[in-house]
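Please read the structure below before turning to the comments.
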Amino acid sequence: MGLYLPLAAILVGGFAPAHAAAQSLLAAEGLGILSEPLDARSRSLGSGGVGLPGWYLSDADPAASAGLSVPSATATFQPASATLSGGESAGHTRFPAVAVSYGYLGNVFSVYFGSFLDQEWEILTVRTLDLGSGEEVQAEDRFRSTGSVGRVRFGWSRTFLESVSVGLTVGRHLGTAERRFTRLLDREDVGAGVEPFGRVVRLRASGAVAGGGIAWDPSPLLRVAGSVSWSGDLVLTPTSDSLLGERKYSLPMELKAGATFALTPELAMHLGTTYADWTETGEDLESEATVGGTWSYGGGLEWGGSTLLGRPFPIRIGVRQVDLPFGVDGESATERTISLGAGAHLVDFEAQPLARMELGIDRGSREGGSLSEDFWRVAFTVRVASG
């Protein structure tokens, strides 16, 4: 049973990754790295996705779809790569935000598929084992996690009094993760006939989520908005190992606020913030690395005076700082990014975007205790609608 204990520790997030190489060590003491369901425009403006002007589908801002009177769809493609503090590199590709909507009698009904927690990480530890007879052998323990936890939400939104929009969502967590533990003993100590020991556990995510948002346009020069996202317990259920039971983790309520100001007819400034308290999650994980209340701050500028082939071609720049909920060795961790982006408004009809493409590029870093990682993240979003 001794070999199951390290695996169980990983599954509840309690493994201390000292003297280890990892694919994002900053994910290993918690439930993963936060993977927000943001599109390319939000990324390039340093935004949490709330309070941007216009009508669009956003998992983070349920009220933003209230003016989409025609059937619409959006999808975001996001490759990313990171260089860890030890020189190792890692990368992955995600579709963090996919959504469709349909308008009927002034109501807009939508379905959102969004990312939440990135479960991609790996830890390699070399240790000495005492066999109990005075003999010691070298062992290489490798813990690897693959997969992700996402959310599916069904939404409703509507505009009231021409300047106020509201939206509501309800849904659940979904996704799978695979946790693999492998122990390889030094063949010089035990001989060539001893095979590596391995154990694989597959987990299925479930749990209820709900949210709401409101946006107010007091004038054509200003939009302010806020949203709240509630989550029940995140439940991880093993599907292939009866020795480990179901695990439940409390998740925080997330509050977002954002505003966009038109500084000139062609230049707009966006500001946004997010707050969530992960204290109860840390208690469920029994991890001292959870920092409790987390904030994010960001903002950017959008220049709408440029064109490409006669079509609007807005250019964007943004910065953002995010407190990560899980640190390392009891110390907090942060993510900082600077972003550039652009958009191509291919076809619009009045206030309805019928065909648009958006690109956002993040250059960022994450730091927690003695660990750090630099990363590139690219987001490409396509929006289409039937006019």
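Chain identifiers are assigned as A, B, and so on, following the order in which chains appear in the structure tokens; residues are numbered from 1 within each chain, and ligands are numbered from 1 in order of appearance.
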Would you please extract all alpha helix (DSSP H) residues from range 15-154 of chain A, as assigned by DSSP on the backbone, and give them as a PyMOL selection string? chain A and resi 40-44
Range 300-303 of chain A: which residues within 8 Å, counting only C-alpha atoms, same-chain residues fewer than 4 positions away excluded, as a list in words? Ser44, Leu45, Gly46, Ser47, Glu266, Leu267, Ala268, Met269, His270, Leu271, Pro314, Ile315, Arg316, Ile317, Gly318 and Val319 of chain A
All residues 10 Å or closer to Leu117 in chain A, only C-alpha atoms, same chain fewer than 6 positions away omitted, as a ChimeraX atom specification: /A:27,31-37,147-151,175
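Compared by their closest atoms to Tyr112 in chain A, and using only C-alpha atoms, the residues A:Phe313, A:Trp156, A:Phe261, A:Phe326 rank with A:Trp156 nearest.
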Within 10 Å of range 197-201 of chain A: each range 142-163 of chain A residue with its shortest pair, only C-alpha atoms, as CSV:
residue,atom,partner,partner_atom,distance
A:Arg142,CA,A:Gly198,CA,9.4
A:Phe143,CA,A:Arg199,CA,9.8
A:Arg144,CA,A:Val200,CA,9.6
A:Ser145,CA,A:Val201,CA,9.7
I need the residues in range 106-206 of chain A that are strand (DSSP E or B) according to DSSP; give them as a PDB file with N, CA and C atoms, in the first residue's frame.
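So the final result, stored in selection36.pdb, reads:
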ATOM      1  N   ASN A 107     -35.426  37.817 -26.837  1.00  0.00           N
ATOM      2  CA  ASN A 107     -34.586  37.026 -25.943  1.00  0.00           C
ATOM      3  C   ASN A 107     -33.458  36.369 -26.744  1.00  0.00           C
ATOM      4  N   VAL A 108     -32.328  36.188 -26.115  1.00  0.00           N
ATOM      5  CA  VAL A 108     -31.206  35.505 -26.747  1.00  0.00           C
ATOM      6  C   VAL A 108     -30.866  34.283 -25.903  1.00  0.00           C
ATOM      7  N   PHE A 109     -30.945  33.105 -26.517  1.00  0.00           N
ATOM      8  CA  PHE A 109     -30.619  31.854 -25.841  1.00  0.00           C
ATOM      9  C   PHE A 109     -29.262  31.370 -26.365  1.00  0.00           C
ATOM     10  N   SER A 110     -28.433  30.876 -25.469  1.00  0.00           N
ATOM     11  CA  SER A 110     -27.064  30.545 -25.855  1.00  0.00           C
ATOM     12  C   SER A 110     -26.571  29.301 -25.123  1.00  0.00           C
ATOM     13  N   VAL A 111     -25.529  28.719 -25.681  1.00  0.00           N
ATOM     14  CA  VAL A 111     -24.818  27.599 -25.072  1.00  0.00           C
ATOM     15  C   VAL A 111     -23.334  27.926 -25.116  1.00  0.00           C
ATOM     16  N   TYR A 112     -22.668  27.800 -23.960  1.00  0.00           N
ATOM     17  CA  TYR A 112     -21.243  28.112 -23.850  1.00  0.00           C
ATOM     18  C   TYR A 112     -20.472  26.866 -23.416  1.00  0.00           C
ATOM     19  N   PHE A 113     -19.354  26.624 -24.073  1.00  0.00           N
ATOM     20  CA  PHE A 113     -18.389  25.626 -23.627  1.00  0.00           C
ATOM     21  C   PHE A 113     -17.104  26.383 -23.307  1.00  0.00           C
ATOM     22  N   GLY A 114     -16.681  26.352 -22.038  1.00  0.00           N
ATOM     23  CA  GLY A 114     -15.526  27.136 -21.637  1.00  0.00           C
ATOM     24  C   GLY A 114     -14.539  26.345 -20.800  1.00  0.00           C
ATOM     25  N   SER A 115     -13.262  26.700 -20.900  1.00  0.00           N
ATOM     26  CA  SER A 115     -12.233  26.071 -20.081  1.00  0.00           C
ATOM     27  C   SER A 115     -12.295  26.611 -18.665  1.00  0.00           C
ATOM     28  N   PHE A 116     -11.653  25.899 -17.718  1.00  0.00           N
ATOM     29  CA  PHE A 116     -11.645  26.343 -16.325  1.00  0.00           C
ATOM     30  C   PHE A 116     -10.308  26.034 -15.646  1.00  0.00           C
ATOM     31  N   LEU A 117      -9.936  24.762 -15.565  1.00  0.00           N
ATOM     32  CA  LEU A 117      -8.696  24.358 -14.917  1.00  0.00           C
ATOM     33  C   LEU A 117      -7.883  23.482 -15.871  1.00  0.00           C
ATOM     34  N   ASP A 118      -6.653  23.894 -16.107  1.00  0.00           N
ATOM     35  CA  ASP A 118      -5.753  23.127 -16.959  1.00  0.00           C
ATOM     36  C   ASP A 118      -5.040  22.088 -16.101  1.00  0.00           C
ATOM     37  N   TRP A 121       0.268  18.786 -16.091  1.00  0.00           N
ATOM     38  CA  TRP A 121       1.489  19.011 -15.329  1.00  0.00           C
ATOM     39  C   TRP A 121       2.220  17.690 -15.123  1.00  0.00           C
ATOM     40  N   GLU A 122       3.492  17.815 -14.770  1.00  0.00           N
ATOM     41  CA  GLU A 122       4.316  16.634 -14.569  1.00  0.00           C
ATOM     42  C   GLU A 122       5.381  16.931 -13.520  1.00  0.00           C
ATOM     43  N   ILE A 123       5.628  15.949 -12.640  1.00  0.00           N
ATOM     44  CA  ILE A 123       6.663  16.074 -11.613  1.00  0.00           C
ATOM     45  C   ILE A 123       7.568  14.853 -11.679  1.00  0.00           C
ATOM     46  N   LEU A 124       8.865  15.083 -11.677  1.00  0.00           N
ATOM     47  CA  LEU A 124       9.853  14.011 -11.657  1.00  0.00           C
ATOM     48  C   LEU A 124      10.709  14.176 -10.416  1.00  0.00           C
ATOM     49  N   THR A 125      10.720  13.148  -9.555  1.00  0.00           N
ATOM     50  CA  THR A 125      11.475  13.200  -8.308  1.00  0.00           C
ATOM     51  C   THR A 125      12.390  11.982  -8.213  1.00  0.00           C
ATOM     52  N   VAL A 126      13.639  12.209  -7.837  1.00  0.00           N
ATOM     53  CA  VAL A 126      14.605  11.131  -7.598  1.00  0.00           C
ATOM     54  C   VAL A 126      14.813  11.010  -6.096  1.00  0.00           C
ATOM     55  N   ARG A 127      14.623   9.800  -5.572  1.00  0.00           N
ATOM     56  CA  ARG A 127      14.714   9.596  -4.130  1.00  0.00           C
ATOM     57  C   ARG A 127      15.439   8.288  -3.813  1.00  0.00           C
ATOM     58  N   THR A 128      15.834   8.107  -2.546  1.00  0.00           N
ATOM     59  CA  THR A 128      16.475   6.889  -2.065  1.00  0.00           C
ATOM     60  C   THR A 128      15.495   6.124  -1.198  1.00  0.00           C
ATOM     61  N   LEU A 129      15.300   4.854  -1.494  1.00  0.00           N
ATOM     62  CA  LEU A 129      14.367   4.006  -0.756  1.00  0.00           C
ATOM     63  C   LEU A 129      15.135   3.022   0.115  1.00  0.00           C
ATOM     64  N   ASP A 130      14.669   2.857   1.346  1.00  0.00           N
ATOM     65  CA  ASP A 130      15.242   1.873   2.266  1.00  0.00           C
ATOM     66  C   ASP A 130      14.409   0.606   2.176  1.00  0.00           C
ATOM     67  N   GLU A 136      19.734   0.154   0.280  1.00  0.00           N
ATOM     68  CA  GLU A 136      19.099   1.333  -0.280  1.00  0.00           C
ATOM     69  C   GLU A 136      19.185   1.278  -1.796  1.00  0.00           C
ATOM     70  N   VAL A 137      18.124   1.724  -2.431  1.00  0.00           N
ATOM     71  CA  VAL A 137      18.089   1.766  -3.900  1.00  0.00           C
ATOM     72  C   VAL A 137      17.614   3.146  -4.330  1.00  0.00           C
ATOM     73  N   GLN A 138      18.082   3.566  -5.486  1.00  0.00           N
ATOM     74  CA  GLN A 138      17.643   4.824  -6.074  1.00  0.00           C
ATOM     75  C   GLN A 138      16.356   4.581  -6.866  1.00  0.00           C
ATOM     76  N   ALA A 139      15.412   5.487  -6.708  1.00  0.00           N
ATOM     77  CA  ALA A 139      14.137   5.362  -7.421  1.00  0.00           C
ATOM     78  C   ALA A 139      13.799   6.692  -8.097  1.00  0.00           C
ATOM     79  N   GLU A 140      13.232   6.585  -9.281  1.00  0.00           N
ATOM     80  CA  GLU A 140      12.758   7.758 -10.021  1.00  0.00           C
ATOM     81  C   GLU A 140      11.238   7.697 -10.067  1.00  0.00           C
ATOM     82  N   ASP A 141      10.593   8.633  -9.382  1.00  0.00           N
ATOM     83  CA  ASP A 141       9.127   8.704  -9.346  1.00  0.00           C
ATOM     84  C   ASP A 141       8.653   9.793 -10.294  1.00  0.00           C
ATOM     85  N   ARG A 142       7.734   9.423 -11.162  1.00  0.00           N
ATOM     86  CA  ARG A 142       7.186  10.385 -12.114  1.00  0.00           C
ATOM     87  C   ARG A 142       5.670  10.461 -11.931  1.00  0.00           C
ATOM     88  N   PHE A 143       5.179  11.677 -11.688  1.00  0.00           N
ATOM     89  CA  PHE A 143       3.747  11.932 -11.573  1.00  0.00           C
ATOM     90  C   PHE A 143       3.348  12.782 -12.780  1.00  0.00           C
ATOM     91  N   ARG A 144       2.377  12.326 -13.528  1.00  0.00           N
ATOM     92  CA  ARG A 144       1.966  13.058 -14.727  1.00  0.00           C
ATOM     93  C   ARG A 144       0.447  13.166 -14.760  1.00  0.00           C
ATOM     94  N   SER A 145      -0.034  14.366 -15.046  1.00  0.00           N
ATOM     95  CA  SER A 145      -1.465  14.613 -15.171  1.00  0.00           C
ATOM     96  C   SER A 145      -1.749  15.174 -16.554  1.00  0.00           C
ATOM     97  N   THR A 146      -2.779  14.656 -17.194  1.00  0.00           N
ATOM     98  CA  THR A 146      -3.228  15.166 -18.484  1.00  0.00           C
ATOM     99  C   THR A 146      -4.735  15.362 -18.438  1.00  0.00           C
ATOM    100  N   GLY A 147      -5.232  16.290 -19.255  1.00  0.00           N
ATOM    101  CA  GLY A 147      -6.663  16.551 -19.298  1.00  0.00           C
ATOM    102  C   GLY A 147      -6.992  17.953 -18.834  1.00  0.00           C
ATOM    103  N   SER A 148      -8.261  18.212 -18.620  1.00  0.00           N
ATOM    104  CA  SER A 148      -8.708  19.535 -18.195  1.00  0.00           C
ATOM    105  C   SER A 148     -10.118  19.438 -17.631  1.00  0.00           C
ATOM    106  N   VAL A 149     -10.468  20.457 -16.860  1.00  0.00           N
ATOM    107  CA  VAL A 149     -11.826  20.616 -16.342  1.00  0.00           C
ATOM    108  C   VAL A 149     -12.427  21.845 -16.997  1.00  0.00           C
ATOM    109  N   GLY A 150     -13.592  21.670 -17.594  1.00  0.00           N
ATOM    110  CA  GLY A 150     -14.271  22.785 -18.248  1.00  0.00           C
ATOM    111  C   GLY A 150     -15.686  22.948 -17.726  1.00  0.00           C
ATOM    112  N   ARG A 151     -16.440  23.807 -18.397  1.00  0.00           N
ATOM    113  CA  ARG A 151     -17.821  24.069 -18.006  1.00  0.00           C
ATOM    114  C   ARG A 151     -18.693  24.187 -19.248  1.00  0.00           C
ATOM    115  N   VAL A 152     -19.898  23.664 -19.158  1.00  0.00           N
ATOM    116  CA  VAL A 152     -20.910  23.913 -20.170  1.00  0.00           C
ATOM    117  C   VAL A 152     -22.036  24.686 -19.489  1.00  0.00           C
ATOM    118  N   ARG A 153     -22.480  25.787 -20.135  1.00  0.00           N
ATOM    119  CA  ARG A 153     -23.531  26.637 -19.559  1.00  0.00           C
ATOM    120  C   ARG A 153     -24.588  26.934 -20.617  1.00  0.00           C
ATOM    121  N   PHE A 154     -25.825  26.982 -20.155  1.00  0.00           N
ATOM    122  CA  PHE A 154     -26.947  27.403 -20.982  1.00  0.00           C
ATOM    123  C   PHE A 154     -27.357  28.793 -20.509  1.00  0.00           C
ATOM    124  N   GLY A 155     -27.482  29.733 -21.447  1.00  0.00           N
ATOM    125  CA  GLY A 155     -27.689  31.119 -21.061  1.00  0.00           C
ATOM    126  C   GLY A 155     -28.926  31.747 -21.681  1.00  0.00           C
ATOM    127  N   TRP A 156     -29.393  32.789 -21.017  1.00  0.00           N
ATOM    128  CA  TRP A 156     -30.481  33.646 -21.507  1.00  0.00           C
ATOM    129  C   TRP A 156     -30.080  35.086 -21.261  1.00  0.00           C
ATOM    130  N   SER A 157     -30.362  35.966 -22.206  1.00  0.00           N
ATOM    131  CA  SER A 157     -30.068  37.387 -22.027  1.00  0.00           C
ATOM    132  C   SER A 157     -31.111  38.224 -22.749  1.00  0.00           C
ATOM    133  N   ARG A 158     -31.221  39.483 -22.306  1.00  0.00           N
ATOM    134  CA  ARG A 158     -32.218  40.379 -22.891  1.00  0.00           C
ATOM    135  C   ARG A 158     -31.850  41.818 -22.564  1.00  0.00           C
ATOM    136  N   THR A 159     -32.233  42.729 -23.445  1.00  0.00           N
ATOM    137  CA  THR A 159     -32.009  44.158 -23.234  1.00  0.00           C
ATOM    138  C   THR A 159     -33.298  44.804 -22.732  1.00  0.00           C
ATOM    139  N   PHE A 160     -33.164  45.645 -21.708  1.00  0.00           N
ATOM    140  CA  PHE A 160     -34.280  46.395 -21.150  1.00  0.00           C
ATOM    141  C   PHE A 160     -33.975  47.882 -21.226  1.00  0.00           C
ATOM    142  N   VAL A 164     -29.899  48.923 -20.696  1.00  0.00           N
ATOM    143  CA  VAL A 164     -29.551  47.937 -19.670  1.00  0.00           C
ATOM    144  C   VAL A 164     -29.747  46.537 -20.239  1.00  0.00           C
ATOM    145  N   SER A 165     -28.749  45.698 -20.065  1.00  0.00           N
ATOM    146  CA  SER A 165     -28.820  44.314 -20.528  1.00  0.00           C
ATOM    147  C   SER A 165     -28.526  43.383 -19.361  1.00  0.00           C
ATOM    148  N   VAL A 166     -29.224  42.261 -19.307  1.00  0.00           N
ATOM    149  CA  VAL A 166     -29.007  41.280 -18.255  1.00  0.00           C
ATOM    150  C   VAL A 166     -28.847  39.905 -18.884  1.00  0.00           C
ATOM    151  N   GLY A 167     -28.172  39.019 -18.173  1.00  0.00           N
ATOM    152  CA  GLY A 167     -27.992  37.659 -18.641  1.00  0.00           C
ATOM    153  C   GLY A 167     -27.879  36.697 -17.476  1.00  0.00           C
ATOM    154  N   LEU A 168     -28.341  35.479 -17.675  1.00  0.00           N
ATOM    155  CA  LEU A 168     -28.270  34.424 -16.668  1.00  0.00           C
ATOM    156  C   LEU A 168     -27.753  33.151 -17.326  1.00  0.00           C
ATOM    157  N   THR A 169     -27.006  32.352 -16.568  1.00  0.00           N
ATOM    158  CA  THR A 169     -26.514  31.074 -17.074  1.00  0.00           C
ATOM    159  C   THR A 169     -26.666  29.996 -16.005  1.00  0.00           C
ATOM    160  N   VAL A 170     -26.781  28.761 -16.440  1.00  0.00           N
ATOM    161  CA  VAL A 170     -26.794  27.609 -15.551  1.00  0.00           C
ATOM    162  C   VAL A 170     -26.144  26.448 -16.299  1.00  0.00           C
ATOM    163  N   GLY A 171     -25.391  25.634 -15.577  1.00  0.00           N
ATOM    164  CA  GLY A 171     -24.707  24.543 -16.255  1.00  0.00           C
ATOM    165  C   GLY A 171     -23.986  23.628 -15.288  1.00  0.00           C
ATOM    166  N   ARG A 172     -22.895  23.026 -15.727  1.00  0.00           N
ATOM    167  CA  ARG A 172     -22.172  22.066 -14.897  1.00  0.00           C
ATOM    168  C   ARG A 172     -20.719  21.985 -15.358  1.00  0.00           C
ATOM    169  N   HIS A 173     -19.885  21.463 -14.439  1.00  0.00           N
ATOM    170  CA  HIS A 173     -18.512  21.129 -14.793  1.00  0.00           C
ATOM    171  C   HIS A 173     -18.505  19.856 -15.630  1.00  0.00           C
ATOM    172  N   LEU A 174     -17.520  19.742 -16.482  1.00  0.00           N
ATOM    173  CA  LEU A 174     -17.333  18.524 -17.240  1.00  0.00           C
ATOM    174  C   LEU A 174     -15.863  18.402 -17.616  1.00  0.00           C
ATOM    175  N   GLY A 175     -15.477  17.220 -18.040  1.00  0.00           N
ATOM    176  CA  GLY A 175     -14.091  16.999 -18.420  1.00  0.00           C
ATOM    177  C   GLY A 175     -13.524  15.782 -17.719  1.00  0.00           C
ATOM    178  N   THR A 176     -12.342  15.370 -18.157  1.00  0.00           N
ATOM    179  CA  THR A 176     -11.668  14.225 -17.582  1.00  0.00           C
ATOM    180  C   THR A 176     -10.195  14.547 -17.383  1.00  0.00           C
ATOM    181  N   ALA A 177      -9.580  13.829 -16.461  1.00  0.00           N
ATOM    182  CA  ALA A 177      -8.147  13.961 -16.225  1.00  0.00           C
ATOM    183  C   ALA A 177      -7.583  12.573 -15.951  1.00  0.00           C
ATOM    184  N   GLU A 178      -6.369  12.372 -16.381  1.00  0.00           N
ATOM    185  CA  GLU A 178      -5.679  11.109 -16.121  1.00  0.00           C
ATOM    186  C   GLU A 178      -4.452  11.393 -15.276  1.00  0.00           C
ATOM    187  N   ARG A 179      -4.333  10.710 -14.133  1.00  0.00           N
ATOM    188  CA  ARG A 179      -3.176  10.848 -13.253  1.00  0.00           C
ATOM    189  C   ARG A 179      -2.377   9.542 -13.311  1.00  0.00           C
ATOM    190  N   ARG A 180      -1.135   9.649 -13.698  1.00  0.00           N
ATOM    191  CA  ARG A 180      -0.293   8.465 -13.886  1.00  0.00           C
ATOM    192  C   ARG A 180       0.927   8.551 -12.963  1.00  0.00           C
ATOM    193  N   PHE A 181       1.160   7.484 -12.165  1.00  0.00           N
ATOM    194  CA  PHE A 181       2.334   7.388 -11.297  1.00  0.00           C
ATOM    195  C   PHE A 181       3.203   6.233 -11.785  1.00  0.00           C
ATOM    196  N   THR A 182       4.495   6.510 -11.985  1.00  0.00           N
ATOM    197  CA  THR A 182       5.438   5.483 -12.422  1.00  0.00           C
ATOM    198  C   THR A 182       6.670   5.533 -11.536  1.00  0.00           C
ATOM    199  N   ARG A 183       7.091   4.386 -11.037  1.00  0.00           N
ATOM    200  CA  ARG A 183       8.316   4.291 -10.235  1.00  0.00           C
ATOM    201  C   ARG A 183       9.307   3.368 -10.955  1.00  0.00           C
ATOM    202  N   LEU A 184      10.498   3.903 -11.226  1.00  0.00           N
ATOM    203  CA  LEU A 184      11.548   3.160 -11.900  1.00  0.00           C
ATOM    204  C   LEU A 184      12.732   3.026 -10.953  1.00  0.00           C
ATOM    205  N   LEU A 185      13.089   1.794 -10.616  1.00  0.00           N
ATOM    206  CA  LEU A 185      14.218   1.536  -9.720  1.00  0.00           C
ATOM    207  C   LEU A 185      15.516   1.462 -10.519  1.00  0.00           C
ATOM    208  N   PHE A 197       7.138   0.065 -11.830  1.00  0.00           N
ATOM    209  CA  PHE A 197       5.792  -0.015 -11.270  1.00  0.00           C
ATOM    210  C   PHE A 197       4.985   1.173 -11.775  1.00  0.00           C
ATOM    211  N   GLY A 198       3.763   0.914 -12.182  1.00  0.00           N
ATOM    212  CA  GLY A 198       2.923   2.001 -12.681  1.00  0.00           C
ATOM    213  C   GLY A 198       1.502   1.907 -12.179  1.00  0.00           C
ATOM    214  N   ARG A 199       0.873   3.074 -12.076  1.00  0.00           N
ATOM    215  CA  ARG A 199      -0.518   3.122 -11.638  1.00  0.00           C
ATOM    216  C   ARG A 199      -1.206   4.269 -12.359  1.00  0.00           C
ATOM    217  N   VAL A 200      -2.403   4.036 -12.882  1.00  0.00           N
ATOM    218  CA  VAL A 200      -3.143   5.059 -13.625  1.00  0.00           C
ATOM    219  C   VAL A 200      -4.530   5.202 -13.024  1.00  0.00           C
ATOM    220  N   VAL A 201      -4.927   6.450 -12.784  1.00  0.00           N
ATOM    221  CA  VAL A 201      -6.275   6.748 -12.307  1.00  0.00           C
ATOM    222  C   VAL A 201      -6.896   7.757 -13.257  1.00  0.00           C
ATOM    223  N   ARG A 202      -8.102   7.484 -13.713  1.00  0.00           N
ATOM    224  CA  ARG A 202      -8.834   8.418 -14.567  1.00  0.00           C
ATOM    225  C   ARG A 202      -9.980   9.022 -13.775  1.00  0.00           C
ATOM    226  N   LEU A 203     -10.116  10.323 -13.888  1.00  0.00           N
ATOM    227  CA  LEU A 203     -11.100  11.059 -13.099  1.00  0.00           C
ATOM    228  C   LEU A 203     -12.096  11.758 -14.014  1.00  0.00           C
ATOM    229  N   ARG A 204     -13.343  11.790 -13.596  1.00  0.00           N
ATOM    230  CA  ARG A 204     -14.394  12.494 -14.317  1.00  0.00           C
ATOM    231  C   ARG A 204     -14.899  13.647 -13.457  1.00  0.00           C
ATOM    232  N   ALA A 205     -15.007  14.838 -14.035  1.00  0.00           N
ATOM    233  CA  ALA A 205     -15.428  16.032 -13.295  1.00  0.00           C
ATOM    234  C   ALA A 205     -16.924  16.254 -13.432  1.00  0.00           C
ATOM    235  N   SER A 206     -17.533  16.719 -12.342  1.00  0.00           N
ATOM    236  CA  SER A 206     -18.948  17.077 -12.356  1.00  0.00           C
ATOM    237  C   SER A 206     -19.190  18.134 -11.285  1.00  0.00           C
TER     238      SER A 206
END
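Interatomic distance, CA of Ser89 in chain A to CA of Thr76 in chain A: 23.6 Å.
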Name all residues at most 12 Å from Tyr56 in chain A (count only C-alpha atoms; drop same-chain ones fewer than 5 positions away) and give them as a PyMOL selection string. chain A and resi 38-39+41-42+49-51+61-75+98-101+108+110+157+351-356+381-385
Resulting file, chosen residues, C-alpha atoms, as an mmCIF file, in the first residue's frame:
data_model
loop_
_atom_site.group_PDB
_atom_site.id
_atom_site.type_symbol
_atom_site.label_atom_id
_atom_site.label_comp_id
_atom_site.auth_asym_id
_atom_site.auth_seq_id
_atom_site.Cartn_x
_atom_site.Cartn_y
_atom_site.Cartn_z
ATOM 1 C CA LEU A 38 -11.441 34.350 -22.795
ATOM 2 C CA ASP A 39 -11.493 35.236 -26.479
ATOM 3 C CA ARG A 41 -10.155 40.466 -27.942
ATOM 4 C CA SER A 42 -10.363 40.104 -24.157
ATOM 5 C CA GLY A 49 -13.927 39.553 -20.464
ATOM 6 C CA VAL A 50 -16.526 41.891 -18.932
ATOM 7 C CA GLY A 51 -17.576 45.365 -20.063
ATOM 8 C CA ASP A 61 -20.147 38.195 -19.450
ATOM 9 C CA PRO A 62 -23.653 36.686 -19.845
ATOM 10 C CA ALA A 63 -25.195 40.097 -20.606
ATOM 11 C CA ALA A 64 -22.917 40.760 -23.595
ATOM 12 C CA SER A 65 -25.051 38.636 -25.949
ATOM 13 C CA ALA A 66 -28.311 40.512 -25.303
ATOM 14 C CA GLY A 67 -28.176 42.450 -28.588
ATOM 15 C CA LEU A 68 -27.436 39.467 -30.872
ATOM 16 C CA SER A 69 -30.732 39.212 -32.731
ATOM 17 C CA VAL A 70 -29.411 36.782 -35.374
ATOM 18 C CA PRO A 71 -28.038 33.245 -34.881
ATOM 19 C CA SER A 72 -24.367 33.555 -33.948
ATOM 20 C CA ALA A 73 -21.377 31.374 -33.158
ATOM 21 C CA THR A 74 -17.859 31.963 -31.894
ATOM 22 C CA ALA A 75 -14.819 29.768 -31.282
ATOM 23 C CA VAL A 98 -16.900 27.968 -27.936
ATOM 24 C CA ALA A 99 -20.457 29.329 -27.985
ATOM 25 C CA VAL A 100 -23.606 29.555 -30.092
ATOM 26 C CA SER A 101 -26.716 31.713 -29.700
ATOM 27 C CA VAL A 108 -31.206 35.505 -26.747
ATOM 28 C CA SER A 110 -27.064 30.545 -25.855
ATOM 29 C CA SER A 157 -30.068 37.387 -22.027
ATOM 30 C CA ALA A 351 -24.939 46.558 -34.754
ATOM 31 C CA GLN A 352 -24.662 42.866 -35.701
ATOM 32 C CA PRO A 353 -21.177 41.388 -36.278
ATOM 33 C CA LEU A 354 -21.666 38.835 -39.081
ATOM 34 C CA ALA A 355 -18.053 37.838 -39.716
ATOM 35 C CA ARG A 356 -15.050 38.817 -37.632
ATOM 36 C CA THR A 381 -11.169 33.897 -32.412
ATOM 37 C CA VAL A 382 -13.672 33.558 -35.238
ATOM 38 C CA ARG A 383 -17.183 35.054 -34.980
ATOM 39 C CA VAL A 384 -19.875 34.288 -37.539
ATOM 40 C CA ALA A 385 -23.594 35.009 -37.723
#
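Excluding Gly369 in chain A itself and same-chain residues fewer than 5 positions from it, the residues having an atom within 9 Å of it are Gly327, Val328, Asp329, Gly330, Glu331, Ser332 and Ala333 of chain A, counting only C-alpha atoms.
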